[in-house]
$ cat entry03.cif   # mmCIF, C-alpha atoms, pLDDT in the B column; chains and numbers go by the auth columns
data_final
#
loop_
_atom_site.group_PDB
_atom_site.id
_atom_site.type_symbol
_atom_site.label_atom_id
_atom_site.label_comp_id
_atom_site.label_asym_id
_atom_site.label_seq_id
_atom_site.Cartn_x
_atom_site.Cartn_y
_atom_site.Cartn_z
_atom_site.B_iso_or_equiv
_atom_site.auth_seq_id
_atom_site.auth_asym_id
ATOM 1 C CA MET A 1 43.788 96.339 112.813 50.00 1 K
ATOM 2 C CA LEU A 2 46.656 97.766 114.842 58.00 2 K
ATOM 3 C CA GLY A 3 48.138 94.308 115.336 59.00 3 K
ATOM 4 C CA LEU A 4 49.408 95.024 118.841 66.00 4 K
ATOM 5 C CA SER A 5 49.900 91.287 119.394 73.00 5 K
ATOM 6 C CA LEU A 6 53.074 91.715 117.352 75.00 6 K
ATOM 7 C CA LEU A 7 54.552 93.590 120.296 75.00 7 K
ATOM 8 C CA LEU A 8 54.567 90.268 122.167 78.00 8 K
ATOM 9 C CA ASN A 9 56.558 88.570 119.404 81.00 9 K
ATOM 10 C CA TYR A 10 60.240 88.585 120.399 87.00 10 K
ATOM 11 C CA VAL A 11 61.525 88.163 116.849 87.00 11 K
ATOM 12 C CA PHE A 12 59.503 91.163 115.731 86.00 12 K
ATOM 13 C CA LEU A 13 60.749 93.217 118.698 88.00 13 K
ATOM 14 C CA ILE A 14 64.361 92.403 117.765 90.00 14 K
ATOM 15 C CA PHE A 15 63.681 93.401 114.155 89.00 15 K
ATOM 16 C CA THR A 16 61.952 96.616 115.279 89.00 16 K
ATOM 17 C CA LEU A 17 64.848 97.578 117.566 91.00 17 K
ATOM 18 C CA SER A 18 67.265 96.826 114.757 91.00 18 K
ATOM 19 C CA SER A 19 65.219 98.976 112.359 90.00 19 K
ATOM 20 C CA PHE A 20 65.194 101.847 114.836 92.00 20 K
ATOM 21 C CA LEU A 21 68.992 101.723 115.057 92.00 21 K
ATOM 22 C CA HIS A 22 69.399 101.376 111.288 90.00 22 K
ATOM 23 C CA TYR A 23 67.287 104.375 110.411 90.00 23 K
ATOM 24 C CA PHE A 24 68.799 106.416 113.232 90.00 24 K
ATOM 25 C CA GLY A 25 71.946 106.481 111.113 89.00 25 K
ATOM 26 C CA LEU A 26 70.805 105.885 107.536 89.00 26 K
ATOM 27 C CA THR A 27 69.325 109.274 106.736 88.00 27 K
ATOM 28 C CA ALA A 28 72.094 111.506 108.131 89.00 28 K
ATOM 29 C CA PRO A 29 74.448 110.955 105.145 89.00 29 K
ATOM 30 C CA LEU A 30 71.644 111.787 102.727 89.00 30 K
ATOM 31 C CA VAL A 31 71.091 115.127 104.436 90.00 31 K
ATOM 32 C CA TYR A 32 74.697 116.096 105.204 91.00 32 K
ATOM 33 C CA ILE A 33 76.847 114.510 102.470 90.00 33 K
ATOM 34 C CA CYS A 34 77.015 117.653 100.337 89.00 34 K
ATOM 35 C CA HIS A 35 77.967 119.917 103.222 88.00 35 K
ATOM 36 C CA ARG A 36 80.428 117.343 104.541 89.00 36 K
ATOM 37 C CA SER A 37 82.271 117.072 101.220 91.00 37 K
ATOM 38 C CA THR A 38 82.524 120.847 100.795 89.00 38 K
ATOM 39 C CA GLU A 39 83.602 121.224 104.413 87.00 39 K
ATOM 40 C CA LEU A 40 86.376 118.679 103.839 85.00 40 K
ATOM 41 C CA GLY A 41 87.529 120.841 100.907 86.00 41 K
ATOM 42 C CA ILE A 42 87.304 118.021 98.369 87.00 42 K
ATOM 43 C CA SER A 43 84.471 119.428 96.247 85.00 43 K
ATOM 44 C CA ASP A 44 82.605 122.542 95.271 86.00 44 K
ATOM 45 C CA SER A 45 78.823 122.765 95.536 83.00 45 K
ATOM 46 C CA SER A 46 78.138 121.333 92.049 85.00 46 K
ATOM 47 C CA GLN A 47 80.441 118.358 92.636 87.00 47 K
ATOM 48 C CA ALA A 48 78.824 117.818 96.040 87.00 48 K
ATOM 49 C CA SER A 49 75.383 117.738 94.403 88.00 49 K
ATOM 50 C CA LEU A 50 76.617 115.030 92.047 92.00 50 K
ATOM 51 C CA LEU A 51 77.179 112.797 95.086 92.00 51 K
ATOM 52 C CA LEU A 52 73.402 112.729 95.644 91.00 52 K
ATOM 53 C CA SER A 53 72.921 111.702 92.016 93.00 53 K
ATOM 54 C CA ILE A 54 75.408 108.866 92.497 93.00 54 K
ATOM 55 C CA MET A 55 73.443 107.762 95.558 94.00 55 K
ATOM 56 C CA GLY A 56 70.197 107.863 93.595 93.00 56 K
ATOM 57 C CA VAL A 57 71.468 105.815 90.649 95.00 57 K
ATOM 58 C CA THR A 58 73.162 103.179 92.822 95.00 58 K
ATOM 59 C CA ASN A 59 70.073 103.045 95.043 94.00 59 K
ATOM 60 C CA THR A 60 68.043 101.885 92.046 94.00 60 K
ATOM 61 C CA VAL A 61 70.720 99.387 91.035 95.00 61 K
ATOM 62 C CA GLY A 62 70.897 98.096 94.627 93.00 62 K
ATOM 63 C CA LYS A 63 67.150 97.493 94.791 93.00 63 K
ATOM 64 C CA ILE A 64 67.239 95.372 91.655 93.00 64 K
ATOM 65 C CA ALA A 65 70.550 93.561 92.275 93.00 65 K
ATOM 66 C CA VAL A 66 69.913 92.679 95.922 92.00 66 K
ATOM 67 C CA GLY A 67 66.353 91.623 95.120 89.00 67 K
ATOM 68 C CA ILE A 68 67.603 89.231 92.436 91.00 68 K
ATOM 69 C CA TRP A 69 70.408 87.981 94.719 91.00 69 K
ATOM 70 C CA SER A 70 68.057 87.243 97.609 88.00 70 K
ATOM 71 C CA ASP A 71 65.684 85.454 95.248 87.00 71 K
ATOM 72 C CA ARG A 72 68.387 83.170 93.866 90.00 72 K
ATOM 73 C CA THR A 73 70.341 82.248 96.981 88.00 73 K
ATOM 74 C CA ALA A 74 69.793 79.949 99.930 88.00 74 K
ATOM 75 C CA ILE A 75 71.000 82.643 102.338 89.00 75 K
ATOM 76 C CA LYS A 76 68.229 83.869 104.637 89.00 76 K
ATOM 77 C CA PRO A 77 66.916 87.335 103.641 89.00 77 K
ATOM 78 C CA TYR A 78 67.574 88.795 107.111 87.00 78 K
ATOM 79 C CA VAL A 79 71.251 87.743 106.828 91.00 79 K
ATOM 80 C CA ILE A 80 71.637 89.556 103.487 92.00 80 K
ATOM 81 C CA TYR A 81 69.747 92.535 104.941 92.00 81 K
ATOM 82 C CA SER A 82 72.041 92.617 107.954 92.00 82 K
ATOM 83 C CA LEU A 83 75.227 92.243 105.907 93.00 83 K
ATOM 84 C CA ILE A 84 74.473 95.027 103.459 94.00 84 K
ATOM 85 C CA LEU A 85 73.484 97.403 106.253 93.00 85 K
ATOM 86 C CA GLY A 86 76.635 96.439 108.160 94.00 86 K
ATOM 87 C CA ILE A 87 78.650 97.456 105.092 95.00 87 K
ATOM 88 C CA ASN A 88 76.668 100.697 104.991 94.00 88 K
ATOM 89 C CA GLY A 89 77.442 101.529 108.616 94.00 89 K
ATOM 90 C CA ILE A 90 81.144 100.708 108.373 95.00 90 K
ATOM 91 C CA SER A 91 81.531 102.803 105.212 94.00 91 K
ATOM 92 C CA THR A 92 79.721 105.725 106.873 92.00 92 K
ATOM 93 C CA MET A 93 82.140 105.626 109.804 93.00 93 K
ATOM 94 C CA MET A 94 85.076 105.538 107.377 92.00 94 K
ATOM 95 C CA THR A 95 84.152 108.856 105.732 88.00 95 K
ATOM 96 C CA SER A 96 86.427 110.579 108.264 85.00 96 K
ATOM 97 C CA LEU A 97 89.332 109.023 106.314 88.00 97 K
ATOM 98 C CA VAL A 98 88.231 110.552 102.996 87.00 98 K
ATOM 99 C CA THR A 99 90.728 112.993 101.497 87.00 99 K
ATOM 100 C CA ARG A 100 89.739 112.955 97.807 90.00 100 K
ATOM 101 C CA TYR A 101 86.539 113.514 95.893 91.00 101 K
ATOM 102 C CA TYR A 102 86.640 110.124 94.163 91.00 102 K
ATOM 103 C CA GLN A 103 86.715 108.443 97.595 92.00 103 K
ATOM 104 C CA MET A 104 83.548 110.274 98.602 92.00 104 K
ATOM 105 C CA ALA A 105 82.003 109.283 95.261 93.00 105 K
ATOM 106 C CA ILE A 106 82.821 105.623 96.002 94.00 106 K
ATOM 107 C CA TYR A 107 81.263 106.001 99.454 94.00 107 K
ATOM 108 C CA SER A 108 78.155 107.546 97.870 94.00 108 K
ATOM 109 C CA ALA A 109 77.879 104.577 95.502 95.00 109 K
ATOM 110 C CA VAL A 110 78.258 102.055 98.353 95.00 110 K
ATOM 111 C CA PHE A 111 75.772 103.983 100.484 95.00 111 K
ATOM 112 C CA GLY A 112 73.180 104.209 97.716 94.00 112 K
ATOM 113 C CA PHE A 113 73.548 100.548 96.764 96.00 113 K
ATOM 114 C CA THR A 114 73.205 99.272 100.329 94.00 114 K
ATOM 115 C CA VAL A 115 70.267 101.518 101.204 93.00 115 K
ATOM 116 C CA GLY A 116 68.476 100.471 98.011 92.00 116 K
ATOM 117 C CA GLY A 117 69.140 96.815 98.759 91.00 117 K
ATOM 118 C CA SER A 118 67.857 97.148 102.309 91.00 118 K
ATOM 119 C CA LEU A 119 64.672 98.838 101.135 89.00 119 K
ATOM 120 C CA SER A 120 63.947 96.047 98.669 89.00 120 K
ATOM 121 C CA LEU A 121 64.457 93.417 101.376 90.00 121 K
ATOM 122 C CA SER A 122 62.602 94.947 104.328 87.00 122 K
ATOM 123 C CA SER A 123 59.162 93.564 103.455 86.00 123 K
ATOM 124 C CA ILE A 124 60.685 90.240 102.351 88.00 124 K
ATOM 125 C CA VAL A 125 62.432 89.910 105.723 88.00 125 K
ATOM 126 C CA LEU A 126 59.188 90.625 107.570 86.00 126 K
ATOM 127 C CA VAL A 127 57.319 87.969 105.569 87.00 127 K
ATOM 128 C CA ASP A 128 60.138 85.482 106.130 86.00 128 K
ATOM 129 C CA LEU A 129 60.150 86.100 109.889 83.00 129 K
ATOM 130 C CA LEU A 130 56.433 86.560 110.605 83.00 130 K
ATOM 131 C CA GLY A 131 54.450 85.244 107.666 81.00 131 K
ATOM 132 C CA MET A 132 52.397 86.931 104.960 84.00 132 K
ATOM 133 C CA GLU A 133 49.311 87.364 107.155 81.00 133 K
ATOM 134 C CA LYS A 134 51.200 89.745 109.479 80.00 134 K
ATOM 135 C CA LEU A 135 52.890 91.821 106.768 79.00 135 K
ATOM 136 C CA ASN A 136 50.473 94.786 106.816 79.00 136 K
ATOM 137 C CA ASN A 137 50.653 95.321 110.559 82.00 137 K
ATOM 138 C CA SER A 138 54.355 94.574 110.903 82.00 138 K
ATOM 139 C CA TYR A 139 55.297 96.831 107.987 83.00 139 K
ATOM 140 C CA GLY A 140 53.236 99.660 109.462 84.00 140 K
ATOM 141 C CA ILE A 141 55.059 99.422 112.792 84.00 141 K
ATOM 142 C CA PHE A 142 58.364 99.114 110.897 84.00 142 K
ATOM 143 C CA LEU A 143 57.614 102.398 109.095 86.00 143 K
ATOM 144 C CA LEU A 144 56.642 104.038 112.389 85.00 144 K
ATOM 145 C CA MET A 145 60.006 103.068 113.913 85.00 145 K
ATOM 146 C CA GLN A 146 61.747 104.275 110.772 86.00 146 K
ATOM 147 C CA GLY A 147 60.067 107.667 111.057 88.00 147 K
ATOM 148 C CA LEU A 148 60.743 108.052 114.780 90.00 148 K
ATOM 149 C CA SER A 149 64.424 107.171 114.475 89.00 149 K
ATOM 150 C CA THR A 150 64.896 109.465 111.478 88.00 150 K
ATOM 151 C CA PHE A 151 63.213 112.242 113.446 89.00 151 K
ATOM 152 C CA VAL A 152 65.819 111.846 116.207 89.00 152 K
ATOM 153 C CA GLY A 153 68.963 110.682 114.399 87.00 153 K
ATOM 154 C CA THR A 154 69.281 113.181 111.570 87.00 154 K
ATOM 155 C CA PRO A 155 68.965 116.357 113.684 90.00 155 K
ATOM 156 C CA LEU A 156 71.325 114.870 116.269 91.00 156 K
ATOM 157 C CA THR A 157 74.041 114.600 113.605 89.00 157 K
ATOM 158 C CA GLY A 158 73.578 118.314 112.925 90.00 158 K
ATOM 159 C CA VAL A 159 73.708 119.142 116.640 92.00 159 K
ATOM 160 C CA LEU A 160 76.934 117.160 117.027 91.00 160 K
ATOM 161 C CA ARG A 161 78.420 119.024 114.065 91.00 161 K
ATOM 162 C CA ASP A 162 77.556 122.347 115.710 91.00 162 K
ATOM 163 C CA MET A 163 79.067 121.203 118.999 92.00 163 K
ATOM 164 C CA THR A 164 82.296 119.734 117.602 90.00 164 K
ATOM 165 C CA GLY A 165 82.882 121.818 114.484 89.00 165 K
ATOM 166 C CA ASP A 166 82.866 118.901 112.037 87.00 166 K
ATOM 167 C CA TYR A 167 80.785 115.903 111.011 88.00 167 K
ATOM 168 C CA ASP A 168 83.153 113.176 112.218 90.00 168 K
ATOM 169 C CA VAL A 169 81.400 112.412 115.513 92.00 169 K
ATOM 170 C CA GLY A 170 77.961 112.526 113.899 91.00 170 K
ATOM 171 C CA PHE A 171 78.982 110.142 111.113 91.00 171 K
ATOM 172 C CA TYR A 172 80.700 107.807 113.611 93.00 172 K
ATOM 173 C CA LEU A 173 77.479 107.728 115.626 93.00 173 K
ATOM 174 C CA ALA A 174 75.288 107.247 112.546 92.00 174 K
ATOM 175 C CA GLY A 175 77.438 104.447 111.156 93.00 175 K
ATOM 176 C CA GLY A 176 77.861 102.844 114.572 94.00 176 K
ATOM 177 C CA MET A 177 74.103 102.707 115.096 94.00 177 K
ATOM 178 C CA VAL A 178 73.624 101.036 111.713 93.00 178 K
ATOM 179 C CA VAL A 179 76.328 98.460 112.514 95.00 179 K
ATOM 180 C CA LEU A 180 74.810 97.808 115.951 95.00 180 K
ATOM 181 C CA GLY A 181 71.381 97.313 114.383 92.00 181 K
ATOM 182 C CA SER A 182 72.911 94.810 111.958 92.00 182 K
ATOM 183 C CA ILE A 183 74.631 92.844 114.712 93.00 183 K
ATOM 184 C CA ILE A 184 71.392 92.607 116.718 92.00 184 K
ATOM 185 C CA LEU A 185 69.678 90.818 113.813 90.00 185 K
ATOM 186 C CA PHE A 186 71.990 87.841 114.255 89.00 186 K
ATOM 187 C CA ALA A 187 70.217 87.123 117.549 89.00 187 K
ATOM 188 C CA ILE A 188 67.083 86.123 115.613 87.00 188 K
ATOM 189 C CA PRO A 189 67.921 82.381 115.232 86.00 189 K
ATOM 190 C CA VAL A 190 68.602 82.141 118.971 86.00 190 K
ATOM 191 C CA ILE A 191 65.317 83.903 119.783 85.00 191 K
ATOM 192 C CA GLN A 192 63.392 81.667 117.350 79.00 192 K
ATOM 193 C CA LYS A 193 64.754 78.507 118.987 81.00 193 K
ATOM 194 C CA ARG A 194 64.297 79.684 122.554 81.00 194 K
ATOM 195 C CA PHE A 195 60.902 81.362 122.128 73.00 195 K
ATOM 196 C CA PRO A 196 59.047 79.681 119.234 70.00 196 K
ATOM 197 C CA GLN A 197 55.957 81.716 118.365 63.00 197 K
#

$ encode --input "entry03.cif" --output "structure tokens"
Amino acid sequence: MLGLSLLLNYVFLIFTLSSFLHYFGLTAPLVYICHRSTELGISDSSQASLLLSIMGVTNTVGKIAVGIWSDRTAIKPYVIYSLILGINGISTMMTSLVTRYYQMAIYSAVFGFTVGGSLSLSSIVLVDLLGMEKLNNSYGIFLLMQGLSTFVGTPLTGVLRDMTGDYDVGFYLAGGMVVLGSIILFAIPVIQKRFPQ
């Protein structure tokens, strides 16, 4: 029931490590975007709250659009998953360049869209890599890694803000972890050829 045999599957271990890195950085912008935009002096509290609404709307659009795209293309689901999260991480690191509210609104839209797309693809990627019979166990471990990394990553962004006086370092770290997690996924074809399981 626990499916611990999955921990001997190298492809699953790569995906799990990648997921840990992704979610280490994915939740920090959700928690700190309002405070970051007011701290940058580009919005008041009501405008900052609107950024979360933008994220929510584009999240829904991303789930639908990326789901349709992955269904109608020959590109492997893990490649799409990796690309959209790579875009997410790079855009998160670029928030230190934001000087206007509309730029932060664009970032919020990109962030929401890419997070929504990644959520719609996560189970599809697991089925593609491991097969339908291992979905329950693999998705459970995936969610465990997601929870553990969120538990560590989000507070660390706050600690770095307290230490440095701004969110730049925390957002660089968050975005960098997401990008690193995306790059790691491209090792999957090599692992599949070298260690067929």

$ closest_atom_pairs --input "entry03.cif" --of "range 53-125 of chain K" --to "range 37-46 of chain K" --cutoff "7 Å" --atoms "only C-alpha atoms" --output "CSV"
residue,atom,partner,partner_atom,distance
K:Thr99,CA,K:Ile42,CA,6.8
K:Arg100,CA,K:Ile42,CA,5.6
K:Tyr101,CA,K:Ile42,CA,5.2

$ resolve_selection --input "entry03.cif" --expression "the PyMOL selection byres ((chain K and resi 125-140) around 12)" --output "NGL selection string"
:K and (1-7 or 9-16 or 19 or 67 or 70-71 or 75-82 or 117-124 or 141-147 or 185 or 188-189 or 191-192 or 196-197)

$ residues_around --input "entry03.cif" --residues "Tyr102 in chain K" --least-positions-apart "5" --cutoff "12 Å" --atoms "all atoms listed in the file" --output "PyMOL selection string"
chain K and resi 37+42-43+47-48+50-51+54+95+107-109

$ atom_distance --input "entry03.cif" --atom1 "CA of Leu156 in chain K" --atom2 "CA of Met93 in chain K"
15.6 Å

$ residues_around --input "entry03.cif" --residues "Val61 in chain K" --least-positions-apart "5" --cutoff "9 Å" --atoms "only C-alpha atoms" --output "VMD selection string"
chain K and resid 56 66 112 to 113 116 to 117

$ closest_residue --input "entry03.cif" --among "K:Phe195, K:Tyr23, K:Phe186, K:Trp69" --to "Thr154 in chain K" --atoms "all atoms listed in the file"
K:Tyr23

$ closest_residue --input "entry03.cif" --among "K:Ile90, K:Met177, K:Ile183, K:Leu17" --to "Val110 in chain K" --atoms "all atoms listed in the file"
K:Ile90

$ atom_distance --input "entry03.cif" --atom1 "CA of Cys34 in chain K" --atom2 "CA of Ser49 in chain K"
6.2 Å

$ residues_around --input "entry03.cif" --residues "Leu97 in chain K" --least-positions-apart "6" --cutoff "10 Å" --atoms "all atoms listed in the file" --output "PyMOL selection string"
chain K and resi 103-104+168

$ atom_distance --input "entry03.cif" --atom1 "CA of Tyr167 in chain K" --atom2 "CA of Pro29 in chain K"
10.0 Å
